[in-house]
file input.pdb (PDB, C-alpha atoms and all ligand atoms)
ATOM      1  CA  MET A  12    -124.305 177.720  40.108
ATOM      2  CA  LYS A  13    -120.995 178.620  41.706
ATOM      3  CA  THR A  14    -118.237 176.145  42.457
ATOM      4  CA  ILE A  15    -116.570 176.091  45.847
ATOM      5  CA  SER A  16    -113.169 174.399  45.835
ATOM      6  CA  LEU A  17    -112.149 172.854  49.124
ATOM      7  CA  ILE A  18    -108.429 172.249  49.457
ATOM      8  CA  VAL A  19    -107.801 169.647  52.112
ATOM      9  CA  PRO A  20    -104.230 168.550  52.919
ATOM     10  CA  CYS A  21    -104.060 165.096  54.484
ATOM     11  CA  PHE A  22    -101.144 163.423  56.146
ATOM     12  CA  ASN A  23    -101.914 160.050  57.710
ATOM     13  CA  GLU A  24    -105.600 160.856  57.956
ATOM     14  CA  GLU A  25    -107.199 157.517  57.152
ATOM     15  CA  PRO A  26    -109.862 157.821  59.890
ATOM     16  CA  THR A  27    -110.880 161.403  59.091
ATOM     17  CA  VAL A  28    -111.172 161.780  55.297
ATOM     18  CA  GLU A  29    -114.555 160.086  54.917
ATOM     19  CA  LEU A  30    -115.898 161.803  58.032
ATOM     20  CA  PHE A  31    -114.809 165.127  56.614
ATOM     21  CA  TYR A  32    -116.613 164.413  53.381
ATOM     22  CA  THR A  33    -119.920 163.452  54.982
ATOM     23  CA  THR A  34    -119.860 166.390  57.401
ATOM     24  CA  THR A  35    -119.080 168.900  54.687
ATOM     25  CA  GLN A  36    -121.645 167.399  52.354
ATOM     26  CA  LYS A  37    -124.311 168.116  54.987
ATOM     27  CA  VAL A  38    -123.252 171.753  54.988
ATOM     28  CA  PHE A  39    -123.690 171.900  51.216
ATOM     29  CA  ASP A  40    -127.114 170.281  51.529
ATOM     30  CA  LYS A  41    -128.022 173.088  53.876
ATOM     31  CA  LEU A  42    -126.573 175.737  51.556
ATOM     32  CA  ASN A  43    -128.567 174.359  48.639
ATOM     33  CA  GLU A  44    -131.783 173.837  50.568
ATOM     34  CA  GLN A  45    -133.838 176.500  48.815
ATOM     35  CA  GLU A  46    -132.111 176.513  45.455
ATOM     36  CA  GLU A  47    -129.062 174.856  43.936
ATOM     37  CA  ARG A  48    -126.500 177.588  44.496
ATOM     38  CA  TYR A  49    -123.177 175.964  45.231
ATOM     39  CA  LYS A  50    -121.341 172.945  43.913
ATOM     40  CA  PRO A  51    -118.443 171.609  45.985
ATOM     41  CA  GLU A  52    -115.154 170.590  44.426
ATOM     42  CA  TYR A  53    -113.180 168.535  46.927
ATOM     43  CA  LEU A  54    -109.448 168.572  46.348
ATOM     44  CA  PHE A  55    -107.814 166.188  48.777
ATOM     45  CA  ILE A  56    -104.052 166.366  48.824
ATOM     46  CA  ASN A  57    -102.360 163.229  50.025
ATOM     47  CA  ASP A  58     -99.109 164.522  51.455
ATOM     48  CA  GLY A  59     -97.149 161.278  51.447
ATOM     49  CA  SER A  60     -99.268 159.473  54.023
ATOM     50  CA  ARG A  61     -97.958 156.184  55.268
ATOM     51  CA  ASP A  62    -101.380 154.732  56.080
ATOM     52  CA  ASN A  63    -104.311 154.030  53.762
ATOM     53  CA  THR A  64    -105.337 157.637  53.263
ATOM     54  CA  LEU A  65    -104.822 157.332  49.522
ATOM     55  CA  SER A  66    -107.135 154.357  49.108
ATOM     56  CA  VAL A  67    -109.849 156.182  51.064
ATOM     57  CA  MET A  68    -109.455 159.049  48.595
ATOM     58  CA  ARG A  69    -109.589 156.687  45.618
ATOM     59  CA  ASP A  70    -112.810 155.152  46.933
ATOM     60  CA  LEU A  71    -114.412 158.549  47.460
ATOM     61  CA  ASN A  72    -113.372 159.634  43.981
ATOM     62  CA  GLN A  73    -114.864 156.504  42.466
ATOM     63  CA  LYS A  74    -118.135 157.084  44.279
ATOM     64  CA  HIS A  75    -118.303 160.783  43.442
ATOM     65  CA  PRO A  76    -116.163 161.344  40.353
ATOM     66  CA  ASP A  77    -117.714 164.764  39.654
ATOM     67  CA  THR A  78    -117.037 166.378  42.984
ATOM     68  CA  VAL A  79    -114.172 164.535  44.660
ATOM     69  CA  HIS A  80    -110.662 164.887  43.293
ATOM     70  CA  TYR A  81    -107.327 164.111  44.792
ATOM     71  CA  ILE A  82    -103.667 164.765  44.256
ATOM     72  CA  SER A  83    -101.166 162.379  45.737
ATOM     73  CA  PHE A  84     -97.590 163.486  46.330
ATOM     74  CA  SER A  85     -94.637 161.196  45.800
ATOM     75  CA  ARG A  86     -93.588 161.784  49.423
ATOM     76  CA  ASN A  87     -94.330 164.082  52.364
ATOM     77  CA  PHE A  88     -93.725 167.645  51.196
ATOM     78  CA  GLY A  89     -95.484 169.432  54.061
ATOM     79  CA  LYS A  90     -98.737 171.281  54.431
ATOM     80  CA  GLU A  91     -97.469 174.410  52.683
ATOM     81  CA  SER A  92     -96.704 172.461  49.525
ATOM     82  CA  ALA A  93    -100.104 170.819  49.756
ATOM     83  CA  PHE A  94    -101.680 174.271  49.810
ATOM     84  CA  ALA A  95     -99.651 175.309  46.791
ATOM     85  CA  ALA A  96    -100.709 172.199  44.866
ATOM     86  CA  GLY A  97    -104.340 172.745  45.841
ATOM     87  CA  LEU A  98    -104.419 176.407  44.936
ATOM     88  CA  SER A  99    -102.914 175.866  41.514
ATOM     89  CA  ASN A 100    -105.338 173.042  40.739
ATOM     90  CA  ALA A 101    -108.543 174.554  42.130
ATOM     91  CA  SER A 102    -111.051 175.719  39.567
ATOM     92  CA  GLY A 103    -113.738 177.138  41.870
ATOM     93  CA  ASP A 104    -115.222 180.631  42.006
ATOM     94  CA  PHE A 105    -114.458 180.522  45.698
ATOM     95  CA  ILE A 106    -111.647 178.552  47.214
ATOM     96  CA  ALA A 107    -111.285 177.355  50.797
ATOM     97  CA  VAL A 108    -108.347 175.711  52.518
ATOM     98  CA  MET A 109    -109.212 173.591  55.525
ATOM     99  CA  ASP A 110    -107.914 170.816  57.743
ATOM    100  CA  VAL A 111    -109.368 167.380  57.351
ATOM    101  CA  ASP A 112    -109.657 166.736  61.095
ATOM    102  CA  LEU A 113    -112.769 168.959  61.381
ATOM    103  CA  GLN A 114    -110.925 171.442  63.588
ATOM    104  CA  ASP A 115    -111.963 173.895  60.915
ATOM    105  CA  PRO A 116    -115.738 173.519  61.221
ATOM    106  CA  PRO A 117    -117.314 173.199  57.737
ATOM    107  CA  GLU A 118    -120.472 174.935  59.051
ATOM    108  CA  LEU A 119    -118.510 178.177  59.046
ATOM    109  CA  LEU A 120    -118.548 178.020  55.238
ATOM    110  CA  ILE A 121    -122.155 179.201  55.354
ATOM    111  CA  GLN A 122    -121.185 182.397  57.171
ATOM    112  CA  MET A 123    -118.106 182.855  55.025
ATOM    113  CA  LEU A 124    -120.046 182.552  51.785
ATOM    114  CA  ASP A 125    -122.594 184.956  53.139
ATOM    115  CA  ILE A 126    -119.833 187.555  53.516
ATOM    116  CA  LEU A 127    -117.987 186.953  50.249
ATOM    117  CA  ASP A 128    -120.700 185.993  47.808
ATOM    118  CA  ARG A 129    -122.622 189.196  47.383
ATOM    119  CA  GLU A 130    -122.455 191.877  44.759
ATOM    120  CA  ASP A 131    -121.428 194.657  47.114
ATOM    121  CA  SER A 132    -118.976 192.633  49.214
ATOM    122  CA  GLU A 133    -115.932 194.657  50.183
ATOM    123  CA  TYR A 134    -114.006 191.534  51.175
ATOM    124  CA  ASP A 135    -111.951 189.051  49.196
ATOM    125  CA  VAL A 136    -110.979 186.744  52.030
ATOM    126  CA  VAL A 137    -112.617 185.470  55.158
ATOM    127  CA  GLY A 138    -110.177 184.117  57.729
ATOM    128  CA  CYS A 139    -110.838 182.367  61.007
ATOM    129  CA  VAL A 140    -109.508 183.126  64.433
ATOM    130  CA  GLN A 141    -109.747 180.603  67.194
ATOM    131  CA  LYS A 142    -111.180 182.125  70.350
ATOM    132  CA  SER A 143    -110.264 179.858  73.193
ATOM    133  CA  ARG A 144    -107.732 177.332  72.084
ATOM    134  CA  LYS A 145    -107.428 174.310  74.290
ATOM    135  CA  GLN A 146    -103.739 173.537  74.288
ATOM    136  CA  ASN A 147    -101.212 173.058  77.006
ATOM    137  CA  PRO A 148     -99.804 176.238  78.610
ATOM    138  CA  ILE A 149     -96.301 175.821  77.172
ATOM    139  CA  ARG A 150     -97.621 175.544  73.617
ATOM    140  CA  ALA A 151     -99.959 178.476  74.215
ATOM    141  CA  PHE A 152     -97.111 180.628  75.529
ATOM    142  CA  LEU A 153     -94.780 179.679  72.674
ATOM    143  CA  SER A 154     -97.409 180.371  70.075
ATOM    144  CA  ALA A 155     -98.266 183.772  71.602
ATOM    145  CA  SER A 156     -94.570 184.693  71.633
ATOM    146  CA  PHE A 157     -94.219 183.652  68.006
ATOM    147  CA  TYR A 158     -96.970 186.008  66.863
ATOM    148  CA  LYS A 159     -95.487 188.841  68.895
ATOM    149  CA  VAL A 160     -92.036 188.338  67.415
ATOM    150  CA  ILE A 161     -93.101 187.925  63.803
ATOM    151  CA  ASN A 162     -95.417 190.923  63.907
ATOM    152  CA  LYS A 163     -92.598 193.066  65.248
ATOM    153  CA  MET A 164     -90.033 191.797  62.774
ATOM    154  CA  ALA A 165     -91.915 191.319  59.528
ATOM    155  CA  LYS A 166     -93.766 193.897  57.521
ATOM    156  CA  VAL A 167     -96.827 191.710  57.258
ATOM    157  CA  GLU A 168     -99.373 191.560  60.021
ATOM    158  CA  ILE A 169    -100.462 188.152  61.202
ATOM    159  CA  LYS A 170    -103.330 187.901  63.614
ATOM    160  CA  GLN A 171    -102.731 185.765  66.659
ATOM    161  CA  ASN A 172    -104.417 182.352  66.585
ATOM    162  CA  VAL A 173    -105.492 182.813  63.003
ATOM    163  CA  ARG A 174    -106.090 179.407  61.465
ATOM    164  CA  ASP A 175    -105.092 178.409  57.982
ATOM    165  CA  TYR A 176    -108.828 177.960  57.385
ATOM    166  CA  ARG A 177    -110.047 180.613  54.978
ATOM    167  CA  LEU A 178    -112.376 181.203  52.059
ATOM    168  CA  MET A 179    -110.989 183.244  49.182
ATOM    169  CA  THR A 180    -112.282 184.722  45.963
ATOM    170  CA  ARG A 181    -110.832 183.717  42.598
ATOM    171  CA  LYS A 182    -109.210 187.138  42.272
ATOM    172  CA  TYR A 183    -107.393 186.722  45.573
ATOM    173  CA  VAL A 184    -106.169 183.202  44.801
ATOM    174  CA  ASP A 185    -104.838 184.346  41.424
ATOM    175  CA  ALA A 186    -102.830 186.960  43.294
ATOM    176  CA  VAL A 187    -101.493 184.347  45.732
ATOM    177  CA  LEU A 188    -100.503 182.144  42.801
ATOM    178  CA  GLU A 189     -98.286 184.879  41.442
ATOM    179  CA  LEU A 190     -95.959 184.402  44.384
ATOM    180  CA  ASN A 191     -94.078 181.350  43.288
ATOM    181  CA  GLU A 192     -91.375 181.292  45.916
ATOM    182  CA  TYR A 193     -89.993 177.997  47.111
ATOM    183  CA  ASN A 194     -89.915 178.856  50.811
ATOM    184  CA  ARG A 195     -93.578 179.305  51.587
ATOM    185  CA  PHE A 196     -95.086 180.480  54.827
ATOM    186  CA  SER A 197     -98.698 180.721  53.771
ATOM    187  CA  LYS A 198     -99.998 182.808  56.660
ATOM    188  CA  GLY A 199     -97.408 185.403  55.710
ATOM    189  CA  ILE A 200     -98.129 185.088  51.999
ATOM    190  CA  PHE A 201    -101.861 185.459  52.552
ATOM    191  CA  SER A 202    -101.280 188.597  54.554
ATOM    192  CA  TRP A 203     -98.666 189.988  52.155
ATOM    193  CA  VAL A 204    -101.021 189.768  49.188
ATOM    194  CA  GLY A 205    -103.322 192.312  50.803
ATOM    195  CA  PHE A 206    -107.012 192.783  49.911
ATOM    196  CA  ASN A 207    -109.659 193.180  52.579
ATOM    197  CA  THR A 208    -109.861 190.348  55.038
ATOM    198  CA  LYS A 209    -112.759 189.697  57.342
ATOM    199  CA  TYR A 210    -112.024 187.606  60.425
ATOM    200  CA  LEU A 211    -114.563 185.320  61.991
ATOM    201  CA  GLU A 212    -114.112 184.147  65.537
ATOM    202  CA  TYR A 213    -115.062 180.702  66.616
ATOM    203  CA  GLU A 214    -114.621 178.323  69.526
ATOM    204  CA  GLY A 215    -111.765 175.881  68.969
ATOM    205  CA  VAL A 216    -112.699 172.224  68.734
ATOM    206  CA  PRO A 217    -110.550 169.168  69.389
ATOM    207  CA  ARG A 218    -109.557 166.868  66.544
ATOM    208  CA  ALA A 219    -112.300 164.547  65.262
ATOM    209  CA  ALA A 220    -109.931 161.561  65.170
ATOM    210  CA  GLY A 221    -106.285 160.719  64.681
ATOM    211  CA  GLU A 222    -103.636 162.909  66.241
ATOM    212  CA  THR A 223    -101.691 166.034  65.476
ATOM    213  CA  SER A 224     -98.527 165.494  63.500
ATOM    214  CA  TRP A 225     -96.686 168.514  64.901
ATOM    215  CA  SER A 226     -94.216 168.242  67.747
ATOM    216  CA  ILE A 227     -93.156 171.309  69.726
ATOM    217  CA  PHE A 228     -89.732 171.131  68.117
ATOM    218  CA  GLN A 229     -91.243 171.088  64.618
ATOM    219  CA  LEU A 230     -93.409 174.072  65.507
ATOM    220  CA  PHE A 231     -90.334 175.920  66.758
ATOM    221  CA  GLU A 232     -88.471 175.211  63.535
ATOM    222  CA  TYR A 233     -91.498 176.249  61.519
ATOM    223  CA  SER A 234     -91.588 179.559  63.431
ATOM    224  CA  LEU A 235     -87.930 180.226  62.700
ATOM    225  CA  GLU A 236     -88.471 179.483  59.016
ATOM    226  CA  ALA A 237     -91.451 181.811  58.988
ATOM    227  CA  ILE A 238     -89.479 184.658  60.518
ATOM    228  CA  VAL A 239     -86.567 184.217  58.123
ATOM    229  CA  ASP A 240     -88.985 183.984  55.158
ATOM    230  CA  PHE A 241     -90.677 187.239  55.971
ATOM    231  CA  SER A 242     -88.167 189.439  57.684
ATOM    232  CA  ASP A 243     -84.609 190.629  57.363
ATOM    233  CA  VAL A 244     -84.553 191.986  60.906
ATOM    234  CA  PRO A 245     -82.319 189.136  62.181
ATOM    235  CA  LEU A 246     -79.717 190.150  59.584
ATOM    236  CA  ARG A 247     -79.897 193.753  60.721
ATOM    237  CA  PHE A 248     -79.658 192.519  64.275
ATOM    238  CA  ALA A 249     -76.364 190.863  63.392
ATOM    239  CA  THR A 250     -75.080 194.144  61.971
ATOM    240  CA  ILE A 251     -76.202 196.133  64.979
ATOM    241  CA  VAL A 252     -74.658 193.726  67.485
ATOM    242  CA  GLY A 253     -71.483 193.682  65.399
ATOM    243  CA  SER A 254     -71.201 197.475  65.250
ATOM    244  CA  PHE A 255     -71.947 197.816  68.931
ATOM    245  CA  MET A 256     -69.219 195.330  69.805
ATOM    246  CA  CYS A 257     -66.795 197.156  67.491
ATOM    247  CA  PHE A 258     -67.512 200.445  69.220
ATOM    248  CA  LEU A 259     -67.045 198.819  72.611
ATOM    249  CA  SER A 260     -63.715 197.305  71.654
ATOM    250  CA  ILE A 261     -62.406 200.644  70.361
ATOM    251  CA  LEU A 262     -63.235 202.184  73.732
ATOM    252  CA  ALA A 263     -61.480 199.322  75.466
ATOM    253  CA  LEU A 264     -58.456 199.696  73.208
ATOM    254  CA  ILE A 265     -58.147 203.396  73.968
ATOM    255  CA  PHE A 266     -58.453 202.632  77.651
ATOM    256  CA  VAL A 267     -55.728 199.960  77.520
ATOM    257  CA  VAL A 268     -53.328 202.102  75.481
ATOM    258  CA  VAL A 269     -53.771 205.163  77.679
ATOM    259  CA  ARG A 270     -53.322 203.069  80.779
ATOM    260  CA  ALA A 271     -50.172 201.427  79.420
ATOM    261  CA  LEU A 272     -48.707 204.822  78.399
ATOM    262  CA  PHE A 273     -49.314 206.610  81.657
ATOM    263  CA  PHE A 274     -49.518 203.950  84.329
ATOM    264  CA  GLY A 275     -47.525 201.043  82.935
ATOM    265  CA  GLY A 276     -48.977 197.704  81.748
ATOM    266  CA  SER A 277     -50.175 194.885  83.860
ATOM    267  CA  VAL A 278     -50.399 191.111  83.371
ATOM    268  CA  ALA A 279     -53.338 190.636  85.687
ATOM    269  CA  GLY A 280     -56.707 189.928  84.101
ATOM    270  CA  TRP A 281     -56.069 186.689  82.260
ATOM    271  CA  ALA A 282     -59.455 185.265  83.249
ATOM    272  CA  SER A 283     -61.377 188.321  82.134
ATOM    273  CA  LEU A 284     -59.490 188.347  78.836
ATOM    274  CA  VAL A 285     -60.396 184.750  78.096
ATOM    275  CA  SER A 286     -64.039 185.348  78.916
ATOM    276  CA  ILE A 287     -64.107 188.345  76.606
ATOM    277  CA  ILE A 288     -62.543 186.327  73.790
ATOM    278  CA  LEU A 289     -65.046 183.543  74.326
ATOM    279  CA  PHE A 290     -67.903 186.010  74.386
ATOM    280  CA  PHE A 291     -66.873 187.629  71.113
ATOM    281  CA  GLY A 292     -66.343 184.240  69.544
ATOM    282  CA  GLY A 293     -69.884 183.348  70.550
ATOM    283  CA  VAL A 294     -71.367 186.522  69.156
ATOM    284  CA  GLN A 295     -69.545 186.012  65.872
ATOM    285  CA  LEU A 296     -70.715 182.455  65.484
ATOM    286  CA  PHE A 297     -74.268 183.467  66.328
ATOM    287  CA  CYS A 298     -74.282 186.199  63.699
ATOM    288  CA  LEU A 299     -72.661 183.882  61.192
ATOM    289  CA  GLY A 300     -75.459 181.424  61.916
ATOM    290  CA  ILE A 301     -78.071 184.056  61.094
ATOM    291  CA  VAL A 302     -76.330 184.944  57.849
ATOM    292  CA  GLY A 303     -75.995 181.246  57.048
ATOM    293  CA  LYS A 304     -79.722 180.737  57.492
ATOM    294  CA  TYR A 305     -80.444 183.348  54.837
ATOM    295  CA  ILE A 306     -77.807 181.988  52.493
ATOM    296  CA  GLY A 307     -79.425 178.578  52.885
ATOM    297  CA  LYS A 308     -82.753 180.068  51.847
ATOM    298  CA  ILE A 309     -81.175 181.740  48.817
ATOM    299  CA  TYR A 310     -79.543 178.429  47.911
ATOM    300  CA  LEU A 311     -82.833 176.548  48.029
ATOM    301  CA  GLU A 312     -84.640 179.309  46.182
ATOM    302  CA  SER A 313     -82.014 179.504  43.427
ATOM    303  CA  LYS A 314     -82.296 175.814  42.604
ATOM    304  CA  HIS A 315     -85.844 176.397  41.336
ATOM    305  CA  ARG A 316     -86.973 172.985  42.416
ATOM    306  CA  PRO A 317     -90.675 172.205  42.244
ATOM    307  CA  GLN A 318     -92.538 172.595  45.527
ATOM    308  CA  PHE A 319     -94.032 169.125  45.209
ATOM    309  CA  ILE A 320     -94.078 166.137  42.915
ATOM    310  CA  ILE A 321     -97.385 164.591  41.968
ATOM    311  CA  GLN A 322     -97.515 160.838  41.764
ATOM    312  CA  GLU A 323    -101.205 160.403  41.098
ATOM    313  CA  LYS A 324    -103.987 162.815  40.290
ATOM    314  CA  ARG A 325    -107.646 162.373  39.611
TER
HETATM  315  N1  LIG A 401    -100.787 167.934  57.239
HETATM  316  C1  LIG A 401    -100.178 167.738  55.997
HETATM  317  N2  LIG A 401     -98.830 167.484  55.935
HETATM  318  C2  LIG A 401     -98.040 167.432  57.037
HETATM  319  C3  LIG A 401     -98.645 167.666  58.299
HETATM  320  C4  LIG A 401    -100.010 167.909  58.356
HETATM  321  O1  LIG A 401    -100.850 167.787  54.968
HETATM  322  O2  LIG A 401     -96.839 167.197  56.903
HETATM  323  C5  LIG A 401    -102.244 168.195  57.317
HETATM  324  C6  LIG A 401    -103.014 167.301  58.269
HETATM  325  O3  LIG A 401    -103.420 166.118  57.660
HETATM  326  C7  LIG A 401    -104.208 168.169  58.630
HETATM  327  C8  LIG A 401    -103.618 169.567  58.598
HETATM  328  O4  LIG A 401    -102.413 169.493  57.840
HETATM  329  O5  LIG A 401    -105.252 168.107  57.683
HETATM  330  C9  LIG A 401    -103.326 170.100  59.992
HETATM  331  O6  LIG A 401    -102.531 169.182  60.707
HETATM  332  P1  LIG A 401    -102.755 168.857  62.251
HETATM  333  O7  LIG A 401    -104.208 168.672  62.525
HETATM  334  O8  LIG A 401    -101.845 167.735  62.581
HETATM  335  O9  LIG A 401    -102.239 170.202  62.895
HETATM  336  P2  LIG A 401    -102.924 171.076  64.042
HETATM  337  O10 LIG A 401    -104.394 171.158  63.744
HETATM  338  O11 LIG A 401    -102.633 170.359  65.304
HETATM  339  O12 LIG A 401    -102.247 172.405  63.924
HETATM  340 MG    MG A 402    -105.668 169.759  63.417
END

call {"tool": "encode", "arguments": {"input": "input.pdb", "output": "structure tokens"}}
result
Amino acid sequence: MKTISLIVPCFNEEPTVELFYTTTQKVFDKLNEQEERYKPEYLFINDGSRDNTLSVMRDLNQKHPDTVHYISFSRNFGKESAFAAGLSNASGDFIAVMDVDLQDPPELLIQMLDILDREDSEYDVVGCVQKSRKQNPIRAFLSASFYKVINKMAKVEIKQNVRDYRLMTRKYVDAVLELNEYNRFSKGIFSWVGFNTKYLEYEGVPRAAGETSWSIFQLFEYSLEAIVDFSDVPLRFATIVGSFMCFLSILALIFVVVRALFFGGSVAGWASLVSIILFFGGVQLFCLGIVGKYIGKIYLESKHRPQFIIQEKR
């Protein structure tokens, strides 16, 4: 019998944890209908929830000590850290990461296992792409732009609307675990690791209960982090803009000197001079900001802090 580890990050998910368990359990009943083939290993990660998520997990663990496990962080460390904790604690032959709100339909596991769990399978990961995502037009536009930008800038390819939901083989997860960087953008990491990925398409579903914990501003910040984590193009951009401006100012200098030599100087043009100074000041600060962002990342990385701190584990 093969073990399927399910890594489920939860942040303020009191109403959904139990529902997730019962729904997924039904899928396993279906999988094991003819013969006992798969054993689930639930790994709930409590990411510093402020509601009673943890006690729901404790109850579930008490009722099903063999299959339900949980890890509770000492505070909110973010979904990426929850993934990292889950991956390093999962013992399954196959490992899935999925949201607890049932937006990642557990039924898909049947199809995913069908692709991965066969002798001659050429795939090591099955990912999921949401077909029609019901979200407001601004969010949709921003998310489409993000994928365009990151695919242009980074050397990894990230499919648009790919969910975090995926089923992976042990071999693949071991490879992911070798990347122990502090700044983690898992979609990028998953793609960077390589192997053959099969993508399944499915219709997006609304949350089962509770509400999303991401604001547009947080998503924007997350996108910036992702780009900086996976690309040095912004740094090169700073160099290119800098060199271009340098070239331009040399031309201007020549022009001014020649004019002064042959036609005499002039005091007119105060306004244009100030705007040029302001403009260059702006460009410099902007480029400094980009450089600063990378230095910040190096700073965090060089401290070698743990990605999460576990308060309770069962
Ligand atoms: N989540 C988490 N830590 C956080 C934010 C979210 O573990 O700081 C979990 C959350 O409980 C859920 C999953 O990440 O299981 C996806 O979150 P959500 O449904 O809010 O995001 P969306 O589906 O809207 O992208
Ligand atoms: Mg969700």

call {"tool": "atom_distance", "arguments": {"input": "input.pdb", "atom1": "CA of Val302 in chain A", "atom2": "CA of Arg316 in chain A"}}
result
22.2 Å

call {"tool": "residues_near_ligand", "arguments": {"input": "input.pdb", "ligand": "ligand LIG 401 (chain A)", "cutoff": "7 Å", "atoms": "only C-alpha atoms and all ligand atoms", "output": "list in words"}}
result
Val19, Pro20, Cys21, Phe22, Asn23, Glu24, Asn57, Asp58, Asn87, Phe88, Gly89, Lys90, Ala93, Asp110, Val111, Asp112, Gln114, Arg218, Glu222, Thr223, Ser224 and Trp225 of chain A

call {"tool": "atom_distance", "arguments": {"input": "input.pdb", "atom1": "CA of Phe297 in chain A", "atom2": "CA of Ser154 in chain A"}}
result
23.6 Å

call {"tool": "resolve_selection", "arguments": {"input": "input.pdb", "expression": "the PyMOL selection byres (((chain A and resi 175) around 9) and not hetatm)", "output": "JSON, numbers by chain"}}
result
{"A": [108, 109, 110, 115, 138, 139, 173, 174, 176, 177, 197, 198]}

call {"tool": "closest_residue", "arguments": {"input": "input.pdb", "among": "A:Gln295, A:Ser242, A:Thr78, A:Ser83", "to": "Arg61 in chain A", "atoms": "all atoms listed in the file"}}
result
A:Ser83

call {"tool": "build_atoms", "arguments": {"input": "input.pdb", "residues": "range 28-42 of chain A", "atoms": "N, CA and C atoms", "output": "tab-separated table (two decimals), keeping the file's coordinate frame"}}
result
chain	number	residue	atom	x	y	z
A	28	VAL	N	-110.82	161.28	56.63
A	28	VAL	CA	-111.17	161.78	55.30
A	28	VAL	C	-112.67	161.60	55.00
A	29	GLU	N	-113.14	160.39	55.21
A	29	GLU	CA	-114.56	160.09	54.92
A	29	GLU	C	-115.48	160.93	55.79
A	30	LEU	N	-115.11	161.02	57.08
A	30	LEU	CA	-115.90	161.80	58.03
A	30	LEU	C	-115.97	163.26	57.58
A	31	PHE	N	-114.85	163.75	57.11
A	31	PHE	CA	-114.81	165.13	56.61
A	31	PHE	C	-115.78	165.29	55.46
A	32	TYR	N	-115.75	164.32	54.56
A	32	TYR	CA	-116.61	164.41	53.38
A	32	TYR	C	-118.09	164.44	53.77
A	33	THR	N	-118.49	163.51	54.63
A	33	THR	CA	-119.92	163.45	54.98
A	33	THR	C	-120.35	164.72	55.72
A	34	THR	N	-119.50	165.20	56.64
A	34	THR	CA	-119.86	166.39	57.40
A	34	THR	C	-120.00	167.60	56.48
A	35	THR	N	-119.05	167.74	55.57
A	35	THR	CA	-119.08	168.90	54.69
A	35	THR	C	-120.24	168.82	53.71
A	36	GLN	N	-120.53	167.59	53.27
A	36	GLN	CA	-121.64	167.40	52.35
A	36	GLN	C	-122.95	167.90	52.98
A	37	LYS	N	-123.10	167.65	54.30
A	37	LYS	CA	-124.31	168.12	54.99
A	37	LYS	C	-124.41	169.64	54.92
A	38	VAL	N	-123.26	170.29	55.06
A	38	VAL	CA	-123.25	171.75	54.99
A	38	VAL	C	-123.72	172.22	53.61
A	39	PHE	N	-123.27	171.51	52.57
A	39	PHE	CA	-123.69	171.90	51.22
A	39	PHE	C	-125.17	171.62	51.00
A	40	ASP	N	-125.67	170.54	51.61
A	40	ASP	CA	-127.11	170.28	51.53
A	40	ASP	C	-127.89	171.45	52.10
A	41	LYS	N	-127.35	171.96	53.23
A	41	LYS	CA	-128.02	173.09	53.88
A	41	LYS	C	-127.95	174.33	53.00
A	42	LEU	N	-126.77	174.56	52.41
A	42	LEU	CA	-126.57	175.74	51.56
A	42	LEU	C	-127.51	175.71	50.35
